[in-house]
$ cat structure32.txt   # compact mmCIF, C-alpha atoms
# COMPACT_ATOMS: atom_id res chain seq x y z
CA MET A 1 83.79 -8.86 -41.03
CA THR A 2 86.91 -9.01 -43.19
CA THR A 3 86.84 -6.65 -46.15
CA HIS A 4 87.16 -8.31 -49.56
CA PHE A 5 86.87 -5.12 -51.64
CA ASP A 6 88.11 -1.58 -51.28
CA ILE A 7 85.22 0.01 -53.17
CA ALA A 8 81.71 -1.14 -54.03
CA ALA A 9 79.75 1.09 -56.41
CA LEU A 10 76.01 0.99 -57.02
CA GLY A 11 74.12 2.57 -59.90
CA GLU A 12 73.29 2.38 -63.58
CA ALA A 13 75.81 1.61 -66.30
CA MET A 14 74.99 2.47 -69.91
CA VAL A 15 76.31 2.12 -73.42
CA GLU A 16 77.44 5.43 -74.91
CA PHE A 17 77.27 6.71 -78.48
CA ASN A 18 79.51 9.77 -78.71
CA GLN A 19 79.30 12.04 -81.75
CA THR A 20 82.70 12.12 -83.42
CA HIS A 21 82.35 15.65 -84.86
CA PRO A 22 79.71 18.35 -84.23
CA GLY A 23 76.85 18.19 -86.70
CA GLU A 24 77.93 14.89 -88.26
CA PRO A 25 75.92 11.64 -88.07
CA ASN A 26 78.82 9.42 -86.97
CA TYR A 27 79.01 8.11 -83.40
CA LEU A 28 81.70 6.19 -81.56
CA GLN A 29 80.45 3.48 -79.22
CA GLY A 30 81.77 3.49 -75.67
CA PHE A 31 80.52 2.97 -72.15
CA GLY A 32 79.27 5.28 -69.42
CA GLY A 33 77.35 5.58 -66.23
CA ASP A 34 78.81 7.70 -63.46
CA THR A 35 79.36 5.03 -60.81
CA SER A 36 80.66 2.58 -63.41
CA ASN A 37 83.17 5.17 -64.62
CA ALA A 38 84.23 5.79 -61.03
CA VAL A 39 84.70 2.14 -60.12
CA ILE A 40 86.73 1.49 -63.29
CA ALA A 41 88.95 4.48 -62.46
CA ALA A 42 89.42 3.09 -58.95
CA ALA A 43 90.32 -0.33 -60.34
CA ARG A 44 92.90 1.21 -62.66
CA ALA A 45 94.37 2.99 -59.62
CA GLY A 46 94.90 -0.38 -57.92
CA ALA A 47 91.79 -0.71 -55.75
CA ARG A 48 89.87 -3.97 -55.34
CA THR A 49 86.48 -3.07 -56.76
CA THR A 50 83.01 -4.52 -57.22
CA TYR A 51 80.03 -3.13 -59.10
CA HIS A 52 76.33 -3.59 -58.39
CA THR A 53 73.70 -3.01 -61.04
CA ARG A 54 71.14 -4.71 -63.24
CA LEU A 55 71.53 -5.15 -67.00
CA GLY A 56 69.31 -6.34 -69.77
CA ALA A 57 69.90 -9.83 -71.12
CA ASP A 58 70.99 -8.21 -74.38
CA ARG A 59 74.11 -7.53 -76.42
CA PHE A 60 74.78 -4.19 -74.73
CA GLY A 61 74.66 -5.92 -71.35
CA ASP A 62 77.11 -8.54 -72.61
CA GLU A 63 79.51 -5.79 -73.69
CA LEU A 64 79.37 -4.09 -70.30
CA MET A 65 80.10 -7.39 -68.56
CA ARG A 66 83.16 -7.87 -70.77
CA LEU A 67 84.27 -4.31 -69.99
CA TRP A 68 84.21 -4.82 -66.22
CA ARG A 69 85.96 -8.17 -66.41
CA HIS A 70 88.63 -6.64 -68.63
CA GLU A 71 89.10 -3.79 -66.12
CA GLY A 72 89.33 -6.15 -63.15
CA VAL A 73 86.01 -5.10 -61.59
CA ASP A 74 84.16 -7.89 -59.76
CA THR A 75 80.77 -8.65 -61.36
CA SER A 76 79.22 -10.93 -58.74
CA GLY A 77 76.76 -8.12 -57.91
CA ILE A 78 75.35 -7.91 -61.45
CA GLU A 79 71.89 -9.26 -62.29
CA ARG A 80 70.60 -9.76 -65.85
CA ASP A 81 66.95 -9.02 -66.64
CA PRO A 82 65.38 -10.76 -69.67
CA ASP A 83 62.41 -8.37 -69.63
CA ALA A 84 64.14 -4.95 -69.52
CA PRO A 85 66.88 -3.36 -71.64
CA THR A 86 70.31 -2.03 -70.84
CA GLY A 87 70.23 1.77 -70.95
CA ILE A 88 71.94 3.76 -73.72
CA TYR A 89 72.71 7.44 -74.24
CA PHE A 90 74.02 9.76 -76.93
CA VAL A 91 76.55 12.59 -76.59
CA THR A 92 76.36 15.42 -79.11
CA HIS A 93 78.76 18.36 -79.34
CA GLY A 94 78.19 22.01 -80.15
CA PRO A 95 79.32 25.55 -79.38
CA ASN A 96 78.03 25.29 -75.79
CA GLY A 97 79.79 22.01 -75.03
CA HIS A 98 78.44 18.47 -74.94
CA GLU A 99 74.81 17.48 -74.48
CA PHE A 100 73.38 14.15 -73.33
CA THR A 101 70.28 12.40 -74.70
CA TYR A 102 69.16 9.32 -72.79
CA ARG A 103 67.22 6.19 -73.67
CA ARG A 104 66.93 4.67 -70.22
CA ALA A 105 63.20 4.66 -69.31
CA GLY A 106 62.28 1.21 -67.97
CA SER A 107 65.91 0.04 -68.03
CA ALA A 108 66.92 -3.04 -66.08
CA ALA A 109 68.87 -0.88 -63.63
CA SER A 110 65.83 1.32 -62.94
CA ARG A 111 64.05 -1.82 -61.75
CA MET A 112 66.46 -2.56 -58.92
CA THR A 113 64.85 -3.07 -55.51
CA PRO A 114 66.23 -3.30 -51.95
CA GLN A 115 65.50 -7.03 -51.89
CA TRP A 116 67.96 -7.52 -54.76
CA LEU A 117 70.99 -6.06 -52.95
CA PRO A 118 73.93 -8.44 -52.35
CA HIS A 119 74.25 -7.78 -48.62
CA ALA A 120 77.40 -9.78 -47.96
CA VAL A 121 79.43 -8.07 -50.69
CA LEU A 122 78.36 -4.58 -49.63
CA GLU A 123 79.17 -5.27 -46.01
CA ALA A 124 82.61 -6.60 -46.99
CA SER A 125 83.66 -3.44 -48.90
CA LYS A 126 85.56 -0.55 -47.30
CA ILE A 127 83.68 2.17 -49.20
CA LEU A 128 80.24 2.27 -50.82
CA HIS A 129 79.98 4.78 -53.67
CA VAL A 130 76.59 6.06 -54.94
CA SER A 131 75.38 9.10 -56.83
CA GLY A 132 72.50 11.45 -57.48
CA ILE A 133 71.80 9.52 -60.67
CA SER A 134 71.54 6.29 -58.69
CA LEU A 135 68.90 8.07 -56.58
CA ALA A 136 67.02 9.57 -59.53
CA ILE A 137 66.44 6.82 -62.08
CA SER A 138 63.36 5.40 -60.30
CA PRO A 139 61.63 5.32 -56.89
CA SER A 140 62.68 1.69 -56.36
CA ALA A 141 66.30 2.53 -57.23
CA ARG A 142 66.19 5.35 -54.68
CA GLU A 143 64.96 2.95 -52.00
CA THR A 144 67.73 0.56 -53.00
CA VAL A 145 70.42 3.22 -52.61
CA PHE A 146 69.23 4.19 -49.14
CA GLU A 147 69.09 0.54 -48.10
CA ALA A 148 72.63 0.03 -49.38
CA ILE A 149 73.77 3.06 -47.38
CA ARG A 150 72.08 1.61 -44.29
CA LEU A 151 73.82 -1.74 -44.76
CA ALA A 152 77.22 -0.12 -45.27
CA ARG A 153 76.89 2.10 -42.22
CA ARG A 154 75.66 -0.76 -40.07
CA ALA A 155 78.81 -2.68 -41.06
CA GLY A 156 81.01 0.31 -40.17
CA ARG A 157 81.93 1.13 -43.77
CA LEU A 158 82.42 4.53 -45.39
CA VAL A 159 79.85 5.98 -47.78
CA SER A 160 80.67 8.28 -50.70
CA LEU A 161 78.13 10.36 -52.63
CA ASP A 162 78.65 12.18 -55.94
CA SER A 163 75.82 14.68 -56.44
CA ASN A 164 75.63 14.28 -60.26
CA LEU A 165 72.45 16.32 -60.63
CA ARG A 166 70.48 15.52 -63.80
CA LEU A 167 67.31 17.61 -63.97
CA LYS A 168 66.04 15.58 -66.92
CA LEU A 169 65.47 12.80 -64.36
CA TRP A 170 63.68 14.71 -61.58
CA LYS A 171 62.56 18.12 -60.41
CA LEU A 172 64.97 20.37 -58.53
CA ASP A 173 62.97 20.44 -55.28
CA GLU A 174 62.85 16.64 -55.18
CA ALA A 175 66.55 16.42 -55.98
CA ARG A 176 67.44 18.93 -53.26
CA GLU A 177 65.51 17.03 -50.61
CA THR A 178 66.77 13.59 -51.61
CA ILE A 179 70.43 14.48 -52.13
CA ALA A 180 70.48 16.39 -48.84
CA ARG A 181 69.06 13.34 -47.08
CA ALA A 182 71.73 11.13 -48.66
CA ALA A 183 74.55 13.61 -47.97
CA ALA A 184 73.63 13.58 -44.28
CA LEU A 185 74.27 9.82 -44.26
CA CYS A 186 77.56 9.92 -46.19
CA ASP A 187 81.14 10.31 -45.05
CA ILE A 188 82.47 11.84 -48.29
CA PHE A 189 80.36 14.24 -50.37
CA LEU A 190 81.65 15.01 -53.88
CA PRO A 191 79.51 17.68 -55.56
CA SER A 192 80.46 19.63 -58.66
CA LEU A 193 80.32 23.41 -58.48
CA GLU A 194 77.42 23.61 -60.94
CA ASP A 195 75.42 20.98 -59.04
CA ALA A 196 76.18 22.57 -55.70
CA PHE A 197 74.99 26.02 -56.77
CA ALA A 198 71.67 24.54 -57.92
CA LEU A 199 71.20 22.33 -54.87
CA SER A 200 72.24 24.80 -52.19
CA GLY A 201 71.05 28.10 -53.65
CA ARG A 202 74.47 29.55 -52.73
CA ASP A 203 76.69 31.26 -55.25
CA GLU A 204 80.15 31.06 -53.65
CA PRO A 205 82.25 27.89 -53.15
CA ASP A 206 82.91 28.56 -49.45
CA GLU A 207 79.19 29.04 -48.85
CA VAL A 208 78.51 25.75 -50.64
CA VAL A 209 80.93 23.91 -48.35
CA GLU A 210 79.23 25.44 -45.31
CA TRP A 211 75.85 24.28 -46.67
CA ALA A 212 77.19 20.75 -47.25
CA HIS A 213 78.39 20.47 -43.67
CA ALA A 214 75.13 21.99 -42.39
CA ILE A 215 73.11 19.19 -44.03
CA GLY A 216 75.37 16.60 -42.42
CA ALA A 217 78.22 15.79 -44.84
CA LYS A 218 81.35 14.95 -42.84
CA GLN A 219 83.97 15.53 -45.54
CA VAL A 220 83.46 17.56 -48.70
CA ALA A 221 85.44 17.78 -51.94
CA LEU A 222 83.81 20.47 -54.07
CA LYS A 223 84.92 19.95 -57.68
CA LEU A 224 85.81 23.28 -59.29
CA GLY A 225 86.61 22.11 -62.82
CA ASP A 226 89.86 23.56 -64.10
CA GLU A 227 90.21 25.49 -60.84
CA GLY A 228 90.84 22.28 -58.86
CA ALA A 229 88.88 21.52 -55.68
CA LEU A 230 87.85 22.99 -52.37
CA VAL A 231 88.07 20.37 -49.61
CA SER A 232 86.92 20.48 -46.03
CA ASP A 233 86.57 18.14 -43.08
CA GLY A 234 84.56 20.66 -41.07
CA MET A 235 87.63 21.78 -39.14
CA GLU A 236 90.08 22.72 -41.88
CA ARG A 237 89.44 23.95 -45.40
CA HIS A 238 91.87 23.88 -48.32
CA ARG A 239 91.61 25.20 -51.88
CA ILE A 240 93.74 22.98 -54.12
CA PRO A 241 94.53 24.30 -57.60
CA GLY A 242 94.07 22.21 -60.72
CA ARG A 243 96.75 21.30 -63.21
CA LYS A 244 96.55 22.54 -66.78
CA VAL A 245 96.28 19.71 -69.31
CA LYS A 246 95.28 19.40 -72.95
CA LEU A 247 91.56 18.62 -73.00
CA ALA A 248 90.52 15.58 -75.03
CA ASP A 249 86.98 14.95 -73.69
CA ALA A 250 85.47 16.21 -70.45
CA THR A 251 82.82 13.46 -70.34
CA GLY A 252 83.29 11.44 -67.13
CA ALA A 253 86.09 13.61 -65.76
CA GLY A 254 84.34 14.12 -62.43
CA ASP A 255 83.58 10.40 -62.16
CA CYS A 256 87.25 9.56 -62.68
CA PHE A 257 88.22 12.09 -60.02
CA CYS A 258 85.86 10.37 -57.59
CA GLY A 259 87.18 6.89 -58.38
CA ASN A 260 90.82 7.87 -58.01
CA LEU A 261 90.18 9.74 -54.77
CA LEU A 262 88.31 6.80 -53.25
CA ALA A 263 91.06 4.41 -54.32
CA ARG A 264 93.61 6.65 -52.63
CA ILE A 265 91.55 6.80 -49.43
CA ALA A 266 90.96 3.03 -49.39
CA ILE A 267 94.49 1.91 -50.20
CA ALA A 268 96.83 4.48 -48.64
CA PRO A 269 94.82 7.00 -46.66
CA LEU A 270 96.33 10.40 -45.90
CA PRO A 271 94.76 13.50 -44.36
CA TYR A 272 91.83 14.32 -46.64
CA ALA A 273 93.29 17.44 -48.23
CA GLN A 274 96.54 15.63 -49.04
CA ASP A 275 94.59 12.83 -50.75
CA VAL A 276 92.82 15.35 -52.98
CA GLU A 277 95.98 17.36 -53.64
CA ALA A 278 97.77 14.22 -54.84
CA LEU A 279 95.15 13.84 -57.59
CA LEU A 280 95.20 17.41 -58.94

$ encode --input "structure32.txt" --output "structure tokens"
Amino acid sequence: MTTHFDIAALGEAMVEFNQTHPGEPNYLQGFGGDTSNAVIAAARAGARTTYHTRLGADRFGDELMRLWRHEGVDTSGIERDPDAPTGIYFVTHGPNGHEFTYRRAGSAASRMTPQWLPHAVLEASKILHVSGISLAISPSARETVFEAIRLARRAGRLVSLDSNLRLKLWKLDEARETIARAAALCDIFLPSLEDAFALSGRDEPDEVVEWAHAIGAKQVALKLGDEGALVSDGMERHRIPGRKVKLADATGAGDCFCGNLLARIAIAPLPYAQDVEALL
């Protein structure tokens, strides 16, 4: 089958209310959702992208649709639900960094089912991108993610997984089992250092990479924050330093890394370590 898209992402998009100053009651409206952030980043990097989710038939859903169209992300895989809301979340800031508060229970995205998946679009995309949040928001969403992975692999496409562990959504033991199962089916595993320590029980980056390959991940890019990334294809391992920049807001930084890396792989693939190094 001819590919029509470089990257298809599946998950939950949300409307964000980000506190403008710590302790103050003012919030700036924006947009979030890890896979949505990633697919927008990929689109901005020049990739042909498509997003798959469900939204409420509400104003917040309308705003997300306008966002994706403005960013050049295909929306043919979006379904609107008149009986469930679009999810929202709040970001507050304090001495220990930013904190997330979610209002997503019963959201339209959490009601996705395998029967809803747009098979033809998924099978016509070079890379399918999913995340731990996609797996965690509901049992039916988890089934949907695994069915999407099955469809992509059957069509000979690549699968990318960002761990994005959120323990407000599920218990650690359940997350460990489910993310390990998904990582074994993926081609590119993109955990953060914090997530990886919790999921693997290891406390050193090299040990985390060994754990990721042991559960079946073919290629690993372990995100090390301001220290860059540790990448491995199972044969070679490279530690790639980060670049110092002035921090404006760390929210979504890992998602944007994922989207740009996948765009690079889809459009002009290089050896894996060189792809990652070009982004840091």

$ atom_distance --input "structure32.txt" --atom1 "CA of Ala108 (chain A)" --atom2 "CA of Thr50 (chain A)"
18.4 Å

$ closest_residue --input "structure32.txt" --among "A:Arg111, A:His119, A:Arg264, A:Arg69" --to "Ile149 (chain A)" --atoms "all atoms listed in the file"
A:His119

$ residues_around --input "structure32.txt" --residues "Ala141 (chain A)" --least-positions-apart "6" --cutoff "8 Å" --atoms "all atoms listed in the file" --output "NGL selection string"
:A and (109-114 or 134-135)

$ residues_around --input "structure32.txt" --residues "Ala183 (chain A)" --least-positions-apart "6" --cutoff "12 Å" --atoms "only C-alpha atoms" --output "MDAnalysis selection string"
chainID A and resid 129:132 135 146 149 159:163 175:177 189:191 196 199 211:220

$ closest_residue --input "structure32.txt" --among "A:Tyr89, A:Trp68, A:Phe100, A:Phe257" --to "Ala43 (chain A)" --atoms "all atoms listed in the file"
A:Trp68

$ closest_residue --input "structure32.txt" --among "A:Ala8, A:Leu55, A:Leu165, A:Leu67" --to "Ala180 (chain A)" --atoms "only C-alpha atoms"
A:Leu165

$ atom_distance --input "structure32.txt" --atom1 "CA of Ile7 (chain A)" --atom2 "CA of Gly252 (chain A)"
18.1 Å

$ closest_residue --input "structure32.txt" --among "A:Leu167, A:Leu230, A:Val145, A:Leu10" --to "Arg181 (chain A)" --atoms "all atoms listed in the file"
A:Val145

$ closest_residue --input "structure32.txt" --among "A:Ala84, A:Ala47, A:Ala124, A:Ala41" --to "Ala266 (chain A)" --atoms "all atoms listed in the file"
A:Ala47

$ atom_distance --input "structure32.txt" --atom1 "CA of Gly87 (chain A)" --atom2 "CA of Ala13 (chain A)"
7.3 Å

$ residues_near_point --input "structure32.txt" --point "(87.6, 6.5, -51.5)" --cutoff "9 Å" --atoms "only C-alpha atoms" --output "PyMOL selection string"
chain A and resi 6-7+42+126-129+158-160+188+258-267+269

$ closest_residue --input "structure32.txt" --among "A:Ser200, A:Gln19, A:Ala253, A:Val231" --to "Asp173 (chain A)" --atoms "all atoms listed in the file"
A:Ser200

$ residues_around --input "structure32.txt" --residues "region 225-227 of chain A" --least-positions-apart "5" --cutoff "12 Å" --atoms "all atoms listed in the file" --output "PDB file with C-alpha atoms, in the frame of the given file"
ATOM      1  CA  PRO A 191      79.510  17.680 -55.560  1.00  0.00           C
ATOM      2  CA  SER A 192      80.460  19.630 -58.660  1.00  0.00           C
ATOM      3  CA  LEU A 193      80.320  23.410 -58.480  1.00  0.00           C
ATOM      4  CA  GLU A 194      77.420  23.610 -60.940  1.00  0.00           C
ATOM      5  CA  ASP A 195      75.420  20.980 -59.040  1.00  0.00           C
ATOM      6  CA  PRO A 205      82.250  27.890 -53.150  1.00  0.00           C
ATOM      7  CA  ARG A 239      91.610  25.200 -51.880  1.00  0.00           C
ATOM      8  CA  ILE A 240      93.740  22.980 -54.120  1.00  0.00           C
ATOM      9  CA  PRO A 241      94.530  24.300 -57.600  1.00  0.00           C
ATOM     10  CA  GLY A 242      94.070  22.210 -60.720  1.00  0.00           C
ATOM     11  CA  ARG A 243      96.750  21.300 -63.210  1.00  0.00           C
ATOM     12  CA  LYS A 244      96.550  22.540 -66.780  1.00  0.00           C
ATOM     13  CA  VAL A 245      96.280  19.710 -69.310  1.00  0.00           C
ATOM     14  CA  LYS A 246      95.280  19.400 -72.950  1.00  0.00           C
ATOM     15  CA  LEU A 247      91.560  18.620 -73.000  1.00  0.00           C
ATOM     16  CA  ALA A 250      85.470  16.210 -70.450  1.00  0.00           C
ATOM     17  CA  GLY A 252      83.290  11.440 -67.130  1.00  0.00           C
ATOM     18  CA  ALA A 253      86.090  13.610 -65.760  1.00  0.00           C
ATOM     19  CA  GLY A 254      84.340  14.120 -62.430  1.00  0.00           C
ATOM     20  CA  PHE A 257      88.220  12.090 -60.020  1.00  0.00           C
ATOM     21  CA  LEU A 280      95.200  17.410 -58.940  1.00  0.00           C
TER      22      LEU A 280
END

$ axis_aligned_box --input "structure32.txt" --around "region 165-169 of chain A" --padding-each-side "8 Å" --output "AutoDock Vina command-line options"
--center_x 69.0 --center_y 15.2 --center_z -63.8 --size_x 23.0 --size_y 20.8 --size_z 22.3

$ residues_around --input "structure32.txt" --residues "region 25-36 of chain A" --least-positions-apart "4" --cutoff "6 Å" --atoms "all atoms listed in the file" --output "ChimeraX atom specification"
/A:9,11-20,255

$ decode --input "structure32.txt" --residues "region 251-264 of chain A" --atoms "N, CA and C atoms" --output "compact mmCIF listing (two decimals), in the first residue's frame"
# COMPACT_ATOMS: atom_id res chain seq x y z
N THR A 251 6.99 22.25 29.71
CA THR A 251 5.81 21.45 29.39
C THR A 251 5.82 21.04 27.92
N GLY A 252 5.75 19.74 27.65
CA GLY A 252 5.70 19.25 26.28
C GLY A 252 7.04 19.11 25.60
N ALA A 253 8.14 19.38 26.32
CA ALA A 253 9.45 19.31 25.67
C ALA A 253 9.75 17.91 25.15
N GLY A 254 9.46 16.90 25.95
CA GLY A 254 9.70 15.53 25.51
C GLY A 254 8.84 15.14 24.33
N ASP A 255 7.60 15.63 24.30
CA ASP A 255 6.70 15.35 23.17
C ASP A 255 7.28 15.94 21.88
N CYS A 256 7.79 17.17 21.97
CA CYS A 256 8.34 17.83 20.79
C CYS A 256 9.60 17.11 20.31
N PHE A 257 10.40 16.61 21.26
CA PHE A 257 11.56 15.80 20.87
C PHE A 257 11.10 14.59 20.06
N CYS A 258 10.08 13.90 20.56
CA CYS A 258 9.58 12.71 19.86
C CYS A 258 9.11 13.06 18.45
N GLY A 259 8.30 14.13 18.33
CA GLY A 259 7.77 14.49 17.03
C GLY A 259 8.85 14.85 16.03
N ASN A 260 9.85 15.61 16.48
CA ASN A 260 10.93 15.99 15.57
C ASN A 260 11.79 14.80 15.18
N LEU A 261 12.04 13.90 16.13
CA LEU A 261 12.82 12.70 15.80
C LEU A 261 12.08 11.84 14.79
N LEU A 262 10.79 11.63 15.00
CA LEU A 262 10.03 10.79 14.07
C LEU A 262 9.96 11.42 12.68
N ALA A 263 9.82 12.75 12.63
CA ALA A 263 9.83 13.43 11.34
C ALA A 263 11.15 13.20 10.63
N ARG A 264 12.23 13.30 11.37
CA ARG A 264 13.56 13.09 10.78
C ARG A 264 13.68 11.66 10.24
